[in-house]
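Okay, target09.cif is below, mmCIF, C-alpha atoms:
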data_query
#
loop_
_atom_site.label_atom_id
_atom_site.label_comp_id
_atom_site.auth_asym_id
_atom_site.auth_seq_id
_atom_site.Cartn_x
_atom_site.Cartn_y
_atom_site.Cartn_z
CA MET A 26 66.85 115.77 -82.77
CA LYS A 27 63.45 116.05 -81.13
CA VAL A 28 62.97 118.91 -78.67
CA LEU A 29 60.42 118.30 -75.93
CA SER A 30 58.89 120.35 -73.15
CA ALA A 31 59.49 118.80 -69.73
CA LYS A 32 56.72 117.31 -67.63
CA PRO A 33 56.06 117.70 -63.88
CA SER A 34 56.66 113.97 -63.46
CA GLU A 35 60.27 114.55 -64.62
CA TYR A 36 61.09 117.04 -61.85
CA GLU A 37 63.38 114.75 -59.83
CA GLU A 38 65.13 113.52 -62.97
CA ILE A 39 65.74 117.14 -64.03
CA GLN A 40 67.28 117.97 -60.64
CA ARG A 41 69.65 115.01 -60.80
CA PHE A 42 70.52 115.84 -64.43
CA LEU A 43 71.41 119.45 -63.56
CA GLU A 44 73.49 118.39 -60.57
CA GLU A 45 75.43 115.93 -62.73
CA ALA A 46 75.89 118.36 -65.63
CA TYR A 47 77.15 121.19 -63.40
CA GLY A 48 78.86 119.06 -60.75
CA HIS A 49 76.75 120.66 -58.00
CA SER A 50 75.66 119.17 -54.69
CA PHE A 51 72.40 117.31 -54.12
CA ASN A 52 69.33 119.59 -54.27
CA PHE A 53 71.52 122.60 -55.12
CA PHE A 54 69.15 124.10 -57.69
CA ASN A 55 65.93 123.97 -55.70
CA GLU A 56 67.71 125.41 -52.65
CA ARG A 57 70.01 127.99 -54.24
CA TRP A 58 67.46 129.03 -56.90
CA LEU A 59 64.36 128.57 -54.79
CA LYS A 60 62.39 131.24 -56.66
CA VAL A 61 62.48 129.28 -59.93
CA TRP A 62 63.48 125.69 -59.19
CA LYS A 63 61.28 124.73 -56.25
CA LYS A 64 58.76 122.34 -57.79
CA ASP A 65 55.78 124.60 -57.09
CA TYR A 66 57.56 127.45 -58.97
CA THR A 67 58.85 125.38 -61.90
CA ASP A 68 57.48 126.29 -65.34
CA PHE A 69 57.79 122.94 -67.09
CA GLU A 70 56.46 124.15 -70.45
CA ASN A 71 59.49 126.42 -70.76
CA ILE A 72 62.02 123.70 -69.93
CA LEU A 73 63.27 122.35 -73.27
CA ILE A 74 64.96 118.95 -73.26
CA ILE A 75 66.46 116.40 -75.61
CA LYS A 76 66.39 112.72 -74.63
CA GLU A 77 68.23 109.61 -75.70
CA LYS A 78 67.06 106.18 -74.58
CA GLN A 79 64.51 107.87 -72.28
CA GLN A 80 67.29 109.81 -70.50
CA ILE A 81 67.64 113.61 -70.47
CA ILE A 82 70.94 114.50 -72.12
CA SER A 83 70.54 118.23 -72.79
CA LEU A 84 68.41 121.03 -71.33
CA VAL A 85 67.70 124.75 -71.66
CA ARG A 86 65.15 126.76 -69.71
CA ILE A 87 63.37 129.94 -70.76
CA PHE A 88 62.48 132.26 -67.87
CA PRO A 89 59.69 134.76 -68.66
CA LEU A 90 60.70 138.05 -67.00
CA MET A 91 59.15 141.50 -66.86
CA PHE A 92 61.59 144.34 -66.23
CA ILE A 93 60.70 147.97 -65.52
CA GLN A 94 63.41 150.20 -66.92
CA LYS A 95 62.67 153.73 -65.71
CA GLY A 96 58.94 153.42 -66.27
CA VAL A 97 59.11 151.28 -69.41
CA ARG A 98 57.94 147.66 -69.14
CA ILE A 99 60.21 145.28 -71.06
CA LYS A 100 58.99 141.71 -71.60
CA THR A 101 62.19 139.67 -71.52
CA ALA A 102 63.09 136.03 -72.06
CA GLY A 103 65.81 134.90 -69.68
CA ILE A 104 67.92 131.88 -70.60
CA GLY A 105 69.39 129.68 -67.89
CA SER A 106 70.32 126.16 -66.81
CA VAL A 107 72.06 125.62 -70.16
CA SER A 108 73.48 122.12 -69.80
CA THR A 109 74.45 118.92 -71.60
CA LEU A 110 75.77 115.72 -70.07
CA TYR A 111 79.56 115.57 -70.35
CA SER A 112 79.41 112.35 -72.37
CA HIS A 113 77.19 113.98 -75.02
CA ARG A 114 78.86 117.35 -75.52
CA GLY A 115 80.05 118.50 -78.92
CA LYS A 116 77.14 116.86 -80.79
CA GLY A 117 75.05 120.00 -81.45
CA TYR A 118 72.37 119.38 -78.84
CA MET A 119 72.74 122.80 -77.24
CA SER A 120 72.56 124.61 -80.59
CA CYS A 121 69.36 122.73 -81.36
CA LEU A 122 67.78 123.68 -78.02
CA LEU A 123 68.78 127.34 -78.23
CA GLU A 124 67.46 127.70 -81.80
CA GLU A 125 64.17 126.18 -80.67
CA SER A 126 64.07 128.61 -77.73
CA PHE A 127 64.52 131.55 -80.14
CA CYS A 128 61.63 130.28 -82.26
CA ARG A 129 59.44 130.20 -79.15
CA MET A 130 60.59 133.68 -78.13
CA ARG A 131 59.63 135.09 -81.53
CA LYS A 132 56.27 133.35 -81.34
CA GLU A 133 55.67 134.78 -77.84
CA LYS A 134 56.75 138.25 -79.10
CA TYR A 135 59.67 138.82 -76.77
CA PRO A 136 61.71 141.86 -77.90
CA VAL A 137 64.93 140.74 -76.16
CA SER A 138 66.51 137.80 -74.37
CA VAL A 139 69.08 137.93 -71.54
CA LEU A 140 71.52 135.52 -70.00
CA TRP A 141 74.72 135.50 -67.96
CA GLY A 142 77.64 133.65 -69.51
CA ASP A 143 80.72 133.62 -71.72
CA ARG A 144 80.96 135.60 -74.99
CA HIS A 145 82.76 132.78 -76.77
CA ARG A 146 79.96 130.38 -75.89
CA TYR A 147 76.96 132.61 -76.59
CA GLY A 148 78.24 135.19 -79.08
CA HIS A 149 77.60 132.68 -81.87
CA PHE A 150 73.89 132.87 -80.98
CA GLY A 151 73.72 136.68 -81.07
CA TYR A 152 74.30 137.46 -77.39
CA GLU A 153 76.66 140.28 -76.42
CA ASN A 154 77.63 142.08 -73.21
CA CYS A 155 75.26 144.95 -72.48
CA GLY A 156 74.34 147.53 -69.86
CA SER A 157 76.59 149.71 -67.75
CA ASN A 158 76.46 149.10 -64.02
CA ILE A 159 78.28 151.33 -61.55
CA VAL A 160 80.08 149.06 -59.08
CA LEU A 161 80.70 150.92 -55.82
CA ARG A 162 83.17 149.63 -53.23
CA ILE A 163 82.65 150.85 -49.67
CA ASN A 164 85.09 149.97 -46.92
CA VAL A 165 84.95 150.54 -43.18
CA ARG A 166 87.32 153.48 -43.39
CA GLY A 167 84.86 155.32 -45.64
CA ILE A 168 81.94 154.51 -43.36
CA ASN A 169 83.84 155.84 -40.35
CA LYS A 170 84.80 158.95 -42.31
CA MET A 171 81.10 159.72 -42.72
CA GLY A 172 80.65 159.50 -38.94
CA ILE A 173 78.27 156.55 -39.25
CA LYS A 174 77.52 154.53 -36.14
CA GLN A 175 76.63 150.87 -36.03
CA VAL A 176 72.85 150.31 -36.00
CA ASP A 177 70.84 147.59 -34.34
CA ALA A 178 70.25 145.57 -37.51
CA LYS A 179 67.91 142.61 -37.48
CA ARG A 180 68.05 139.49 -39.61
CA TYR A 181 65.04 139.01 -41.85
CA PHE A 182 63.45 135.60 -41.29
CA GLY A 183 60.05 136.17 -42.85
CA GLN A 184 58.68 138.90 -40.56
CA SER A 185 55.57 140.11 -42.39
CA GLU A 186 55.82 143.78 -41.36
CA ALA A 187 59.44 144.01 -42.48
CA LEU A 188 58.63 142.28 -45.77
CA GLU A 189 55.91 144.80 -46.57
CA LYS A 190 58.38 147.65 -46.04
CA ILE A 191 61.02 145.93 -48.15
CA ILE A 192 58.53 145.42 -50.98
CA ASP A 193 57.44 149.06 -50.86
CA ILE A 194 61.06 150.25 -51.03
CA TYR A 195 62.03 147.84 -53.81
CA ASN A 196 59.10 149.00 -55.94
CA THR A 197 60.34 152.61 -55.82
CA ASN A 198 63.43 151.63 -57.83
CA SER A 199 63.58 153.14 -61.31
CA TYR A 200 65.04 149.89 -62.61
CA ARG A 201 63.62 146.63 -61.31
CA LYS A 202 62.09 143.28 -62.14
CA GLN A 203 58.36 142.92 -61.61
CA ARG A 204 57.95 140.58 -58.63
CA THR A 205 55.05 138.98 -56.84
CA LYS A 206 54.96 138.70 -53.04
CA LYS A 207 55.73 135.01 -53.53
CA ASP A 208 58.86 136.01 -55.48
CA PHE A 209 60.08 138.24 -52.64
CA THR A 210 59.51 135.50 -50.07
CA ALA A 211 61.43 132.93 -52.12
CA LEU A 212 64.32 135.28 -52.93
CA TYR A 213 65.11 136.11 -49.32
CA ALA A 214 64.76 132.46 -48.24
CA ALA A 215 67.23 131.13 -50.83
CA MET A 216 70.54 129.52 -49.95
CA GLY A 217 73.52 131.85 -50.17
CA VAL A 218 71.67 135.04 -49.17
CA ALA A 219 71.21 136.79 -45.82
CA THR A 220 68.91 139.80 -45.51
CA TYR A 221 69.15 142.43 -42.77
CA TYR A 222 67.08 145.50 -41.98
CA ALA A 223 67.11 148.44 -39.59
CA GLU A 224 64.64 151.10 -38.49
CA LYS A 225 65.04 154.51 -36.93
CA GLY A 226 61.86 156.46 -36.33
CA LYS A 227 60.04 156.45 -39.66
CA GLU A 228 63.18 155.57 -41.62
CA PHE A 229 63.83 152.03 -42.84
CA ALA A 230 66.60 150.31 -44.81
CA TYR A 231 67.44 146.78 -45.83
CA LEU A 232 70.08 144.87 -47.72
CA SER A 233 70.61 141.33 -48.94
CA ILE A 234 74.22 140.20 -48.80
CA ALA A 235 76.00 137.03 -49.82
CA SER A 236 75.89 134.80 -46.74
CA SER A 237 79.08 133.69 -45.01
CA ASP A 238 78.81 130.19 -46.51
CA SER A 239 78.55 131.46 -50.10
CA GLY A 240 82.19 132.41 -50.61
CA ALA A 241 81.29 135.89 -51.89
CA GLN A 242 82.07 137.93 -48.78
CA GLY A 243 80.93 141.55 -48.89
CA THR A 244 78.81 141.25 -52.06
CA VAL A 245 75.59 143.18 -51.53
CA LYS A 246 73.00 141.73 -53.89
CA GLU A 247 70.19 144.17 -53.16
CA TYR A 248 69.54 147.15 -50.93
CA GLY A 249 67.16 150.03 -50.41
CA GLY A 250 65.89 152.69 -48.07
CA ASN A 251 67.59 155.37 -46.01
CA SER A 252 71.26 155.69 -47.04
CA GLU A 253 72.61 156.44 -43.56
CA LEU A 254 70.84 153.39 -42.18
CA LEU A 255 72.31 151.33 -45.03
CA LEU A 256 75.80 152.40 -44.00
CA GLY A 257 74.89 151.63 -40.39
CA ILE A 258 73.92 148.08 -41.41
CA LEU A 259 77.26 147.70 -43.19
CA LYS A 260 79.01 148.86 -40.02
CA TYR A 261 77.01 146.27 -38.08
CA LEU A 262 78.12 143.53 -40.50
CA ASN A 263 81.71 144.69 -40.14
CA GLU A 264 81.55 144.54 -36.35
CA ARG A 265 79.80 141.20 -36.29
CA PHE A 266 81.43 139.24 -39.13
CA GLY A 267 84.61 141.18 -39.83
CA HIS A 268 83.62 142.26 -43.36
CA ASP A 269 85.94 145.17 -44.16
CA SER A 270 84.76 145.95 -47.67
CA PHE A 271 81.39 145.85 -49.44
CA VAL A 272 80.38 145.97 -53.10
CA LEU A 273 77.10 147.59 -54.22
CA VAL A 274 75.86 147.92 -57.81
CA PHE A 275 73.85 150.87 -59.22
CA PRO A 276 72.21 151.49 -62.62
CA ASP A 277 74.06 154.78 -63.14
CA MET A 278 75.74 157.62 -61.26
CA ARG A 279 72.50 159.57 -60.91
CA GLU A 280 71.03 156.74 -58.83
CA ILE A 281 73.81 156.86 -56.20
CA PRO A 282 72.97 158.88 -53.05
CA ASP A 283 75.65 161.47 -52.24
CA ILE A 284 76.55 159.94 -48.87
CA LEU A 285 77.16 156.51 -50.42
CA LEU A 286 79.35 157.95 -53.14
CA ALA A 287 81.28 159.97 -50.54
CA ALA A 288 81.80 156.84 -48.43
CA SER A 289 83.08 154.78 -51.35
CA SER A 290 86.77 154.02 -51.79
CA ASN A 291 86.38 153.28 -55.49
CA TRP A 292 83.88 152.81 -58.31
CA GLU A 293 84.06 151.27 -61.76
CA ILE A 294 81.83 150.40 -64.70
CA SER A 295 80.85 146.81 -65.46
CA LYS A 296 78.39 145.01 -67.74
CA SER A 297 74.87 144.15 -66.58
CA CYS A 298 74.22 140.94 -68.52
CA MET A 299 74.32 139.52 -72.04
CA LEU A 300 71.49 140.42 -74.40
CA LYS A 301 70.14 139.18 -77.73
CA ILE A 302 67.69 141.16 -79.86
CA ILE A 303 64.71 138.99 -80.80
CA ASN A 304 62.57 141.69 -82.43
CA LEU A 305 64.44 144.82 -83.53
CA LYS A 306 61.42 147.01 -84.23
CA GLU A 307 59.78 146.23 -80.88
CA THR A 308 63.08 146.74 -79.05
CA LEU A 309 63.48 150.22 -80.57
CA ARG A 310 59.82 151.05 -79.89
CA LEU A 311 60.04 150.15 -76.22
CA PHE A 312 63.37 151.77 -75.41
CA SER A 313 62.46 154.95 -77.31
CA GLN A 314 59.83 155.48 -74.58
CA HIS A 315 62.59 155.94 -71.99
CA PRO A 316 62.47 159.50 -70.54
CA ASP A 317 66.13 160.06 -71.47
CA PHE A 318 65.49 159.29 -75.16
CA HIS A 319 66.09 162.24 -77.49
CA PHE A 320 65.81 162.23 -81.29
CA PRO A 321 66.12 165.25 -83.62
CA GLU A 322 63.14 166.62 -85.53
CA GLY A 323 62.95 165.76 -89.24
CA GLU A 324 65.56 163.01 -89.08
CA GLU A 325 65.58 159.24 -89.45
CA ILE A 326 68.00 156.38 -88.85
CA THR A 327 67.69 152.83 -90.13
CA PHE A 328 69.06 149.92 -88.12
CA THR A 329 69.63 146.69 -90.05
CA ILE A 330 70.76 143.37 -88.65
CA LYS A 331 72.84 141.68 -91.34
CA ASP A 332 70.79 138.91 -92.99
CA GLY A 333 67.93 139.93 -90.73
CA GLU A 334 65.33 142.61 -90.09
CA SER A 335 65.47 146.39 -90.55
CA ALA A 336 63.69 149.07 -88.53
CA THR A 337 63.73 152.84 -88.93
CA ILE A 338 63.31 155.60 -86.36
CA VAL A 339 61.61 158.70 -87.78
CA LYS A 340 60.53 161.97 -86.21
CA GLN A 341 58.20 164.25 -88.15
CA GLN A 342 56.21 167.20 -86.75
CA GLY A 343 57.12 166.20 -83.23
CA ILE A 344 55.85 162.63 -83.61
CA LEU A 345 58.33 159.79 -83.18
CA SER A 346 57.59 156.52 -84.98
CA ILE A 347 59.33 153.19 -85.42
CA ARG A 348 58.57 151.45 -88.70
CA GLU A 349 59.66 148.23 -90.35
CA GLY A 350 61.97 148.40 -93.33
CA LYS A 351 64.72 150.71 -94.51
CA GLY A 352 65.06 154.47 -94.76
CA ARG A 353 67.87 157.01 -94.67
CA ASN A 354 71.12 156.79 -92.68
CA GLU A 355 71.25 153.00 -92.61
CA ILE A 356 73.55 151.21 -90.16
CA VAL A 357 74.16 147.53 -90.95
CA LEU A 358 75.62 145.30 -88.23
CA ASP A 359 75.62 141.64 -87.29
CA GLU A 360 73.58 140.57 -84.24
CA THR A 361 76.28 141.13 -81.64
CA GLY A 362 77.31 144.43 -83.23
CA MET A 363 73.73 145.69 -83.01
CA VAL A 364 73.57 144.81 -79.31
CA ARG A 365 76.89 146.60 -78.80
CA LEU A 366 75.55 149.71 -80.56
CA LEU A 367 72.16 149.83 -78.83
CA PHE A 368 73.05 148.52 -75.34
CA GLY A 369 76.82 148.79 -74.93
CA THR A 370 78.54 149.45 -71.63
CA TYR A 371 79.70 152.68 -73.27
CA PHE A 372 78.89 154.50 -76.52
CA TRP A 373 80.23 152.71 -79.58
CA ALA A 374 79.47 153.00 -83.28
CA PRO A 375 81.11 151.46 -86.37
CA ALA A 376 83.90 153.49 -88.00
CA ASP A 377 82.03 153.98 -91.28
CA VAL A 378 79.13 155.95 -89.75
CA ASP A 379 79.13 159.55 -91.03
CA SER A 380 79.62 162.38 -88.54
CA THR A 381 76.02 163.65 -88.71
CA THR A 382 74.53 160.23 -87.98
CA LEU A 383 77.14 159.68 -85.28
CA GLN A 384 76.02 162.83 -83.46
CA MET A 385 72.39 161.71 -83.67
CA LEU A 386 73.25 158.31 -82.22
CA LYS A 387 75.04 159.94 -79.30
CA MET A 388 71.80 161.74 -78.40
CA PHE A 389 70.03 158.54 -77.29
CA LEU A 390 72.47 155.63 -77.15
CA PRO A 391 73.35 153.38 -75.48
CA PHE A 392 70.05 152.26 -73.98
CA LYS A 393 70.16 151.45 -70.27
CA PHE A 394 69.44 147.88 -69.14
CA PHE A 395 69.89 147.04 -65.46
CA VAL A 396 69.22 143.80 -63.57
CA TRP A 397 69.58 143.38 -59.82
CA ARG A 398 71.90 140.55 -58.79
CA MET A 399 68.99 138.90 -56.99
CA ASP A 400 67.10 138.65 -60.30
CA THR A 401 69.69 136.82 -62.36
CA VAL A 402 68.65 133.39 -63.66
#
Serialized structure, structure tokens:
Amino acid sequence: MKVLSAKPSEYEEIQRFLEEAYGHSFNFFNERWLKVWKKDYTDFENILIIKEKQQIISLVRIFPLMFIQKGVRIKTAGIGSVSTLYSHRGKGYMSCLLEESFCRMRKEKYPVSVLWGDRHRYGHFGYENCGSNIVLRINVRGINKMGIKQVDAKRYFGQSEALEKIIDIYNTNSYRKQRTKKDFTALYAAMGVATYYAEKGKEFAYLSIASSDSGAQGTVKEYGGNSELLLGILKYLNERFGHDSFVLVFPDMREIPDILLAASSNWEISKSCMLKIINLKETLRLFSQHPDFHFPEGEEITFTIKDGESATIVKQQGILSIREGKGRNEIVLDETGMVRLLFGTYFWAPADVDSTTLQMLKMFLPFKFFVWRMDTV
């Protein structure tokens, strides 16, 4: 099987292929996923395809992403648009494309790759659920209990002054994707999203919610700014569209303002995405820079991916280092097990880990990985 990179001249063919493979409506991808599938935004070199008789029969796209995770920049390869024509499924085309994508990721020195999908489909390739999001549900009763009044919210339709304020607020988030101004513009213009904002004196707040035609009523995809104004916008949406309940997602409990937590009727923990480790040493090096990372003096732990690489964390004389190869306190896991250990939705370790090593692991694991719903691919 020959894997090719797509060409700009194949743009229309790619759109029709995706619509057929997924059963979506005409022009769905370049309208729903405007930020990545509008022709001007399409990165053809990272679209991998297999053809038969000059026809695209299978496709995978790599999305280069840069995430900031509490001050640490994480170069990440997103995987999306995984598709094969129905008539050609079960022939190994997708496995071929994904393996080629992993080769390219290693060559481009990505530490991790992310996608959103099914464990049975992607677990075979080393992807596992990761990250712990706090899903907060706020209903009108809770908003009223806080004494919040409806605000005069405005719909965002490209107003430049409002966009600048939204960008400033978004960039204060501890966990976020690095975006250009062009990215922001495309995100808020995409099908299925409606963005509202409100101002009161010097205070400002905004939120992007699933639009009424999307079928995901009450799902808040992004938000920021003054918490009371946020609740006021929710009250406005309740009065105008009859939304009685709203869902907001946070990286962890410490990121939730008190008034929003008090207004919530319920919260629960969910996964953030699925993750695959491409380079174990680099992954450990980057996430050990997180301000919440703690490792005991004079100790070391070796992480080994079965039939793969090993990397060891060592701390001597106050200096933390990550080195290739094996050392003391080795933990050997398959690919998905290593993701579960390092990035699980809760702390987990294999049963055969000794008690001393277990206590060390609990000092810094699991690593946090958060992706806004607007930044999924």
- Task: Apply the PyMOL selection byres ((chain A and resi 255) around 9) to the file shown and report the selected residues as a PyMOL selection string.
- Result: chain A and resi 222-223+229-232+248-254+256-260+285
- Message: For the provided coordinates, the residues matched by the PyMOL selection byres ((chain A and resi 99-103) around 7) should be stated as a VMD selection string.
- Response: chain A and resid 87 to 93 97 to 98 104 to 105 130 135 to 140 402
- Check which residues satisfy the PyMOL selection byres ((chain A and resi 296-310) around 6) in the file shown, then give them as an NGL selection string. :A and (136-141 or 151-158 or 295 or 311-313 or 336 or 347 or 370 or 395)
For the selection you just gave me, I'd like the residues written to a file as a PDB file, keeping the file's coordinate frame, keeping C-alpha atoms.
ATOM      1  CA  PRO A 136      61.710 141.860 -77.900  1.00  0.00           C
ATOM      2  CA  VAL A 137      64.930 140.740 -76.160  1.00  0.00           C
ATOM      3  CA  SER A 138      66.510 137.800 -74.370  1.00  0.00           C
ATOM      4  CA  VAL A 139      69.080 137.930 -71.540  1.00  0.00           C
ATOM      5  CA  LEU A 140      71.520 135.520 -70.000  1.00  0.00           C
ATOM      6  CA  TRP A 141      74.720 135.500 -67.960  1.00  0.00           C
ATOM      7  CA  GLY A 151      73.720 136.680 -81.070  1.00  0.00           C
ATOM      8  CA  TYR A 152      74.300 137.460 -77.390  1.00  0.00           C
ATOM      9  CA  GLU A 153      76.660 140.280 -76.420  1.00  0.00           C
ATOM     10  CA  ASN A 154      77.630 142.080 -73.210  1.00  0.00           C
ATOM     11  CA  CYS A 155      75.260 144.950 -72.480  1.00  0.00           C
ATOM     12  CA  GLY A 156      74.340 147.530 -69.860  1.00  0.00           C
ATOM     13  CA  SER A 157      76.590 149.710 -67.750  1.00  0.00           C
ATOM     14  CA  ASN A 158      76.460 149.100 -64.020  1.00  0.00           C
ATOM     15  CA  SER A 295      80.850 146.810 -65.460  1.00  0.00           C
ATOM     16  CA  LEU A 311      60.040 150.150 -76.220  1.00  0.00           C
ATOM     17  CA  PHE A 312      63.370 151.770 -75.410  1.00  0.00           C
ATOM     18  CA  SER A 313      62.460 154.950 -77.310  1.00  0.00           C
ATOM     19  CA  ALA A 336      63.690 149.070 -88.530  1.00  0.00           C
ATOM     20  CA  ILE A 347      59.330 153.190 -85.420  1.00  0.00           C
ATOM     21  CA  THR A 370      78.540 149.450 -71.630  1.00  0.00           C
ATOM     22  CA  PHE A 395      69.890 147.040 -65.460  1.00  0.00           C
TER      23      PHE A 395
END
- Message: Residues near range 190-198 of chain A, anyone? I mean within 12 Å using all atoms listed in the file, not counting same-chain ones fewer than 2 positions away, as a PyMOL selection string.
- Response: chain A and resi 92-96+181+183-188+200-210+212-213+220-224+227-233+247-251+275-276+280-281+395-397+399
- Polymer residues at most 6 Å from Asp359 in chain A, all atoms listed in the file, same-chain spacing of 3 or more positions, as a PyMOL selection string: chain A and resi 330-331+362
- What is the distance between CA of Met388 in chain A and CA of Leu273 in chain A, in Å to one decimal? 28.5 Å
- Which value, in Å to one decimal, gives the distance between CA of Ser289 in chain A and CA of Asn164 in chain A? 6.8 Å
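The interatomic distance for the pair CA of His49 in chain A and CA of Arg144 in chain A works out to 23.0 Å.
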- Message: With all atoms listed in the file as the counted atoms, please give the residues lying no more than 9 Å from Val28 in chain A, apart from itself and same-chain residues fewer than 2 positions off, as a list in words.
- Response: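 Skipping anything fewer than 2 positions along the chain leaves Met26, Ser30, Leu73, Ile74, Ile75, Lys76, Cys121, Leu122 and Glu125 of chain A.
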Write the selection just made, keeping C-alpha atoms, as a PDB file, in the coordinates of the input?
ATOM      1  CA  MET A  26      66.850 115.770 -82.770  1.00  0.00           C
ATOM      2  CA  SER A  30      58.890 120.350 -73.150  1.00  0.00           C
ATOM      3  CA  LEU A  73      63.270 122.350 -73.270  1.00  0.00           C
ATOM      4  CA  ILE A  74      64.960 118.950 -73.260  1.00  0.00           C
ATOM      5  CA  ILE A  75      66.460 116.400 -75.610  1.00  0.00           C
ATOM      6  CA  LYS A  76      66.390 112.720 -74.630  1.00  0.00           C
ATOM      7  CA  CYS A 121      69.360 122.730 -81.360  1.00  0.00           C
ATOM      8  CA  LEU A 122      67.780 123.680 -78.020  1.00  0.00           C
ATOM      9  CA  GLU A 125      64.170 126.180 -80.670  1.00  0.00           C
TER      10      GLU A 125
END
- Query: Which one is closest to Gly343 in chain A: A:Asp68, A:Phe328, A:Ser83, A:Glu322? Count only C-alpha atoms.
  - Reply: A:Glu322
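If you measure from each of A:Asp317, A:Glu56, A:Glu70, A:Glu324 to Ala215 in chain A using only C-alpha atoms, the closest one turns out to be A:Glu56.
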Need to verify the contact set: Ile82 in chain A, 9 Å, all atoms listed in the file, exclusion of same-chain residues closer than 4 positions in sequence. Can you return it as a PDB file with C-alpha atoms, in the frame of the given file?
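Once everything was written out, this is result_24.pdb:
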ATOM      1  CA  PHE A  42      70.520 115.840 -64.430  1.00  0.00           C
ATOM      2  CA  ILE A  74      64.960 118.950 -73.260  1.00  0.00           C
ATOM      3  CA  ILE A  75      66.460 116.400 -75.610  1.00  0.00           C
ATOM      4  CA  LYS A  76      66.390 112.720 -74.630  1.00  0.00           C
ATOM      5  CA  GLU A  77      68.230 109.610 -75.700  1.00  0.00           C
ATOM      6  CA  SER A 108      73.480 122.120 -69.800  1.00  0.00           C
ATOM      7  CA  THR A 109      74.450 118.920 -71.600  1.00  0.00           C
ATOM      8  CA  LEU A 110      75.770 115.720 -70.070  1.00  0.00           C
ATOM      9  CA  TYR A 111      79.560 115.570 -70.350  1.00  0.00           C
ATOM     10  CA  SER A 112      79.410 112.350 -72.370  1.00  0.00           C
ATOM     11  CA  HIS A 113      77.190 113.980 -75.020  1.00  0.00           C
ATOM     12  CA  TYR A 118      72.370 119.380 -78.840  1.00  0.00           C
TER      13      TYR A 118
END
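With distances taken over all atoms listed in the file, A:Ser199 is the one residue among A:Gly350, A:Gly267, A:Arg166, A:Ser199 lying closest to His315 in chain A.
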- Which residue, A:Val61, A:Val107, A:Val85, A:Leu390, has the smallest gap to Leu29 in chain A when you use only C-alpha atoms?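 Closest to Leu29 in chain A of all the choices is A:Val85.
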- Write out as a PyMOL selection string the residues lying within 6 Å of Pro391 in chain A, counting all atoms listed in the file and excluding same-chain residues fewer than 2 positions away. chain A and resi 367-369+372
- Top pick for closest residue to Glu334 in chain A, considering A:Glu133, A:Glu360, A:Lys179, A:Gly172 and counting all atoms listed in the file: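 So, comparing all the options, the nearest one is A:Glu360.
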Kindly provide, as lines of an AutoDock Vina configuration file, the centre and edge lengths (Å, one decimal) of an axis-aligned box around all atoms of range 166-177 of chain A given in the file, with 8 Å on each side.
center_x = 79.1
center_y = 153.7
center_z = -40.0
size_x = 32.5
size_y = 28.1
size_z = 27.3
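Closest approach to Gly217 in chain A from the set A:Ile284, A:Leu366, A:Leu59, A:Ile344 is made by A:Leu59, with distances taken over all atoms listed in the file.
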- Need the neighbours of (68.4, 165.2, -81.2): which residues are at most 8 Å away, counting only C-alpha atoms, as number ranges by chain? A: 319-322, 385, 388-389
Complete range 182-191 of chain A at the level of N, CA and C atoms, written as a PDB file, keeping the file's coordinate frame.
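Once everything was written out, this is rebuild-v1.pdb:
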ATOM      1  N   PHE A 182      63.820 137.009 -41.232  1.00  0.00           N
ATOM      2  CA  PHE A 182      63.450 135.600 -41.290  1.00  0.00           C
ATOM      3  C   PHE A 182      61.953 135.451 -41.565  1.00  0.00           C
ATOM      4  N   GLY A 183      61.447 136.289 -42.448  1.00  0.00           N
ATOM      5  CA  GLY A 183      60.050 136.170 -42.850  1.00  0.00           C
ATOM      6  C   GLY A 183      59.083 137.064 -42.098  1.00  0.00           C
ATOM      7  N   GLN A 184      59.579 138.007 -41.288  1.00  0.00           N
ATOM      8  CA  GLN A 184      58.680 138.900 -40.560  1.00  0.00           C
ATOM      9  C   GLN A 184      57.807 139.678 -41.548  1.00  0.00           C
ATOM     10  N   SER A 185      56.509 139.560 -41.400  1.00  0.00           N
ATOM     11  CA  SER A 185      55.570 140.110 -42.390  1.00  0.00           C
ATOM     12  C   SER A 185      55.642 141.632 -42.484  1.00  0.00           C
ATOM     13  N   GLU A 186      55.779 142.314 -41.341  1.00  0.00           N
ATOM     14  CA  GLU A 186      55.820 143.780 -41.360  1.00  0.00           C
ATOM     15  C   GLU A 186      57.073 144.274 -42.074  1.00  0.00           C
ATOM     16  N   ALA A 187      58.203 143.629 -41.808  1.00  0.00           N
ATOM     17  CA  ALA A 187      59.440 144.010 -42.480  1.00  0.00           C
ATOM     18  C   ALA A 187      59.354 143.734 -43.977  1.00  0.00           C
ATOM     19  N   LEU A 188      58.758 142.617 -44.348  1.00  0.00           N
ATOM     20  CA  LEU A 188      58.630 142.280 -45.770  1.00  0.00           C
ATOM     21  C   LEU A 188      57.817 143.325 -46.513  1.00  0.00           C
ATOM     22  N   GLU A 189      56.734 143.783 -45.914  1.00  0.00           N
ATOM     23  CA  GLU A 189      55.910 144.800 -46.570  1.00  0.00           C
ATOM     24  C   GLU A 189      56.719 146.079 -46.822  1.00  0.00           C
ATOM     25  N   LYS A 190      57.555 146.456 -45.870  1.00  0.00           N
ATOM     26  CA  LYS A 190      58.380 147.650 -46.040  1.00  0.00           C
ATOM     27  C   LYS A 190      59.441 147.445 -47.112  1.00  0.00           C
ATOM     28  N   ILE A 191      60.019 146.252 -47.136  1.00  0.00           N
ATOM     29  CA  ILE A 191      61.020 145.930 -48.150  1.00  0.00           C
ATOM     30  C   ILE A 191      60.386 145.999 -49.547  1.00  0.00           C
TER      31      ILE A 191
END
